[in-house]
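What follows is a set of notes on a single structure, which appears directly below.
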Amino acid sequence: MPEGRNALPVLRLGRLELGPGLRALQPGQAASGLVATAILQMPDSGSERQYAWDVAWSDAAREAGTLGADQRTAEALAAGAGTAVAAATRAVVAADGEVLLARWLPAGAVPGSVRVGPLPGLLEIAAAVARRPAHVVVLADRHGAAVVAHAAGDQYPARRFPVRPPALHHGERHVTGREPESGGEQNAEFIAGRVAEAAASVSAHIALGAGDQHILGAISGHLPSSLGPVTTIASGPVPGYRDDQLSGQAAAALDEITAAAIGAVADLVASSAGEPEPAAVLGVEAVTQQLAGQQVAVLLVAADFAADTSGARCGIGSRPTELLAADDPAARAQVPLADGLAWAALHQDAIVVQLRDRAGPLAGWPAAALLRRGPAA
């Protein structure tokens, strides 16, 4: 992982975590040799939302079957659909009749599609998760406080941490220095400790806040720089000290924070790639070499990469991080290049991000990588 100031932008991006089923998957070794990936947008159907959702996934399963998935795997896609929720996108990966990944993504984050192939289509899913990193929401006013921890991509249910400070002397009087330290300052320090505890539980480096801005500001003063300051997403009373009603504001704040983090990572790649001892590389061949050495911290690809390389293939070697030429006799399976890059990156716990185009930091290259350490050679 990059060190010092260069590490913070990376820490503020989400990483798609591969579960045991995906880590154990051997390309071409499933019963049919094929993996099905479906990404569906929630249909706009009013009161019949669940019915429309079920029909959409039945159609996706049928399409997967026509593309070559065996019946059990196609049916598993529908089994992973979950209960319909408003304004969301669902991604499901299935193989050999088992659901290997089922994840909610932000509405419109990834175009809807059904794919069948030797590897799951994880590139766009991982890039969507990068924009929904782990974070905590602190809810605080003069009457109480709570902290809610969210894992990256909301992979696990949010966890609520009630807060009972030793006193309730919050407010502007303390901030202006005319209240004893045993009052608001002591409370702010206590709440900040709970915020840090909640953040550590999900490896979060982003704190969002709602409630009394004076209190949130005081809490920020006690947070480590790798977590704070608190980004205020709503002001005023916090009913029930829950953040369910703040999902839209939280999403907007995360969009801004992750966009800035992705820009910082891209600029770091651009500035480092040309140095004598670079901590970044440009181009598919150079990225592939670093993936084989498990040195990639962040994989960057242009948004058109998958479409532009739709006919390009590579081979998977003895390890999931080893990418070979498609015709290499040592290759265990031939896979689409975009799927192979994402597969290798995620198997070394790398973050995957998409950039709008190849101009700017990518310098015309379709892919680049920020390394865990340099020099790139």
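Identifiers for the structure tokens are assigned positionally: chains receive A, B, ... in sequence, residues are indexed from 1 per chain, and ligands are indexed from 1 in the order shown.
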Sort by chain and increasing residue number a table of all residues of segment 253-278 of chain A within 10 Å of segment 225-235 of chain A, each with its closest pair of atoms and their distance in Å to one decimal, counting only C-alpha atoms, and write it as a tab-separated table.
residue	atom	partner	partner_atom	distance
A:Ala253	CA	A:Ile233	CA	7.0
A:Leu254	CA	A:Thr231	CA	9.7
A:Ile257	CA	A:Thr231	CA	9.5
Would you save the residues of that selection, restricted to N, CA and C atoms, as a PDB file, in the first residue's frame?
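Final file, out_17.pdb:
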ATOM      1  N   ALA A 253     -22.460  12.851  -0.730  1.00  0.00           N
ATOM      2  CA  ALA A 253     -21.171  13.174  -0.108  1.00  0.00           C
ATOM      3  C   ALA A 253     -20.103  12.173  -0.504  1.00  0.00           C
ATOM      4  N   LEU A 254     -20.460  10.895  -0.542  1.00  0.00           N
ATOM      5  CA  LEU A 254     -19.485   9.875  -0.932  1.00  0.00           C
ATOM      6  C   LEU A 254     -19.066  10.039  -2.392  1.00  0.00           C
ATOM      7  N   ILE A 257     -16.439  12.761  -2.314  1.00  0.00           N
ATOM      8  CA  ILE A 257     -15.202  12.324  -1.655  1.00  0.00           C
ATOM      9  C   ILE A 257     -14.443  11.329  -2.522  1.00  0.00           C
TER      10      ILE A 257
END
### Residue neighbourhood Gly153 of chain A, 9 Å, only C-alpha atoms, exclusion window fewer than 3 positions, as a list in words
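Surrounding residues, per the criterion: Gly14, Arg15, Leu16, Arg103, Trp104, Leu105, Pro106, Ala128, Val129, Ala130, Arg131, Arg132, Pro133, Ala134, His150 and Tyr156 of chain A.
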### Residues near Ala95 of chain A, cut-off 6 Å, only C-alpha atoms, skip fewer than 2 positions along chain, as number ranges by chain
A: 35, 73, 97-98
Can you write out the residues you just picked, keeping N, CA, C and O atoms, as a PDB file, in the first residue's frame?
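This is the output file part10.pdb:
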ATOM      1  N   VAL A  35     -19.462 -19.143 -16.083  1.00  0.00           N
ATOM      2  CA  VAL A  35     -19.937 -18.365 -14.940  1.00  0.00           C
ATOM      3  C   VAL A  35     -20.930 -17.331 -15.465  1.00  0.00           C
ATOM      4  O   VAL A  35     -20.694 -16.714 -16.509  1.00  0.00           O
ATOM      5  N   THR A  73     -27.195 -22.980 -12.795  1.00  0.00           N
ATOM      6  CA  THR A  73     -26.514 -21.693 -12.643  1.00  0.00           C
ATOM      7  C   THR A  73     -27.432 -20.544 -13.043  1.00  0.00           C
ATOM      8  O   THR A  73     -27.484 -19.510 -12.369  1.00  0.00           O
ATOM      9  N   GLY A  97     -24.394 -23.724 -10.221  1.00  0.00           N
ATOM     10  CA  GLY A  97     -25.622 -23.747  -9.444  1.00  0.00           C
ATOM     11  C   GLY A  97     -25.574 -23.016  -8.128  1.00  0.00           C
ATOM     12  O   GLY A  97     -26.525 -23.075  -7.355  1.00  0.00           O
ATOM     13  N   GLU A  98     -24.480 -22.283  -7.848  1.00  0.00           N
ATOM     14  CA  GLU A  98     -24.323 -21.582  -6.580  1.00  0.00           C
ATOM     15  C   GLU A  98     -24.174 -20.082  -6.796  1.00  0.00           C
ATOM     16  O   GLU A  98     -23.549 -19.645  -7.772  1.00  0.00           O
TER      17      GLU A  98
END
### Message
Among segment 56-211 of chain A, which ones does DSSP assign to strand (DSSP E or B) (computed from the backbone)? Answer as an MDAnalysis selection string.
### Response
chainID A and resid 88:95 98:106 113:117 135:141 144:150 159:163 207:211
Filtering to C-alpha atoms, could you give me those residues as a compact mmCIF listing (two decimals), in the first residue's frame?
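Final output, saved to part-v1.txt:
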# COMPACT_ATOMS: atom_id res chain seq x y z
CA ALA A 88 -30.89 0.46 -6.67
CA THR A 89 -28.89 -1.90 -8.88
CA ARG A 90 -28.32 -5.58 -8.11
CA ALA A 91 -25.29 -7.59 -9.22
CA VAL A 92 -25.28 -11.39 -8.94
CA VAL A 93 -22.58 -13.89 -9.93
CA ALA A 94 -23.36 -17.62 -10.09
CA ALA A 95 -21.50 -20.77 -11.13
CA GLU A 98 -24.32 -21.58 -6.58
CA VAL A 99 -24.56 -17.84 -5.90
CA LEU A 100 -20.97 -16.59 -5.51
CA LEU A 101 -21.71 -12.87 -5.16
CA ALA A 102 -24.89 -10.85 -4.58
CA ARG A 103 -24.45 -7.13 -4.06
CA TRP A 104 -26.53 -3.96 -4.11
CA LEU A 105 -24.93 -1.10 -6.02
CA PRO A 106 -25.93 2.56 -6.35
CA SER A 113 -26.37 -6.70 -18.53
CA VAL A 114 -26.31 -10.49 -18.51
CA ARG A 115 -23.01 -12.19 -19.31
CA VAL A 116 -21.80 -15.77 -19.40
CA GLY A 117 -18.14 -16.73 -19.67
CA HIS A 135 -17.68 5.04 6.21
CA VAL A 136 -19.26 6.05 9.48
CA VAL A 137 -22.12 8.44 10.08
CA VAL A 138 -22.12 10.33 13.38
CA LEU A 139 -25.49 11.69 14.52
CA ALA A 140 -25.24 14.21 17.33
CA ASP A 141 -27.25 17.06 18.86
CA GLY A 144 -27.79 12.57 22.40
CA ALA A 145 -25.61 10.89 19.82
CA ALA A 146 -25.08 7.66 17.88
CA VAL A 147 -22.62 6.37 15.31
CA VAL A 148 -23.47 4.05 12.38
CA ALA A 149 -20.74 2.03 10.64
CA HIS A 150 -21.14 1.02 6.97
CA ARG A 159 -23.98 -1.47 12.66
CA ARG A 160 -25.24 1.15 15.09
CA PHE A 161 -23.10 2.27 18.04
CA PRO A 162 -25.16 4.11 20.71
CA VAL A 163 -23.24 6.87 22.47
CA ALA A 207 -16.75 10.28 8.68
CA LEU A 208 -20.07 11.85 7.70
CA GLY A 209 -22.21 13.75 10.17
CA ALA A 210 -25.71 15.03 10.82
CA GLY A 211 -27.14 17.14 13.63
### Query
Between atom CA of Gly315 of chain A and atom CA of Ala331 of chain A, what is the spacing in Å?
4.9 Å
### Query
Could you pull the residues within 7 Å of Arg12 of chain A, counting only C-alpha atoms, minus those fewer than 4 positions along the same chain, as an NGL selection string?
:A and (8 or 133 or 205-206 or 258 or 261)
Keeping only N, CA and C atoms, write the selected residues as a PDB file, in the first residue's frame.
ATOM      1  N   LEU A   8      -3.754   8.114   1.825  1.00  0.00           N
ATOM      2  CA  LEU A   8      -5.102   8.525   2.216  1.00  0.00           C
ATOM      3  C   LEU A   8      -6.112   8.440   1.075  1.00  0.00           C
ATOM      4  N   PRO A 133     -17.163   3.496  -0.467  1.00  0.00           N
ATOM      5  CA  PRO A 133     -16.223   2.960   0.520  1.00  0.00           C
ATOM      6  C   PRO A 133     -16.842   2.815   1.902  1.00  0.00           C
ATOM      7  N   HIS A 205     -12.292   5.272   6.606  1.00  0.00           N
ATOM      8  CA  HIS A 205     -11.483   6.483   6.711  1.00  0.00           C
ATOM      9  C   HIS A 205     -12.281   7.705   6.263  1.00  0.00           C
ATOM     10  N   ILE A 206     -13.604   7.603   6.380  1.00  0.00           N
ATOM     11  CA  ILE A 206     -14.508   8.701   6.050  1.00  0.00           C
ATOM     12  C   ILE A 206     -15.542   8.814   7.160  1.00  0.00           C
ATOM     13  N   THR A 258     -15.148  10.361  -3.092  1.00  0.00           N
ATOM     14  CA  THR A 258     -14.452   9.357  -3.899  1.00  0.00           C
ATOM     15  C   THR A 258     -13.980   9.928  -5.229  1.00  0.00           C
ATOM     16  N   ALA A 261     -10.804  11.460  -4.396  1.00  0.00           N
ATOM     17  CA  ALA A 261      -9.793  10.438  -4.125  1.00  0.00           C
ATOM     18  C   ALA A 261      -9.305   9.793  -5.416  1.00  0.00           C
TER      19      ALA A 261
END
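Among the candidate residues A:Pro366, A:Leu13, A:Ser310, A:Gln41, the one lying nearest to Ala260 of chain A is A:Leu13, with distances computed using only C-alpha atoms.
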### Query
Pick from A:Gly364, A:Gly80, A:Pro20, A:Gly121: nearest to Ala61 of chain A, with only C-alpha atoms counted?
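Once distances to Ala61 of chain A are computed over only C-alpha atoms, the minimum belongs to A:Gly80.
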### Query
Could you work out how far atom CA of Pro111 of chain A lies from atom CA of Glu48 of chain A, giving the answer in Å with one decimal?
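According to the coordinates, atom CA of Glu48 of chain A and atom CA of Pro111 of chain A are separated by 22.6 Å.
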### Task
Write out as a list in words each polymer residue whose atoms come within 12 Å of Ala52 of chain A, counting only C-alpha atoms; drop sequence neighbours fewer than 3 positions from it.
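The filter keeps Leu40, Gln41, Met42, Pro43, Asp44, Ser45, Gly46, Ser47, Glu48, Arg49, Val55, Ala56, Trp57, Ser58, Asp59, Ala81, Thr83, Ala84 and Val85 of chain A.
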### Task
With a distance cut-off of 6 Å and only C-alpha atoms, select the neighbouring residues of segment 299-305 of chain A, excluding the residue or stretch itself and same-chain residues fewer than 6 positions from it, and output the selection as a list in words.
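My reading of the contact set: Val352, Val353, Gln354, Leu355, Arg356, Asp357, Arg358, Pro366, Ala367, Ala368 and Ala369 of chain A.
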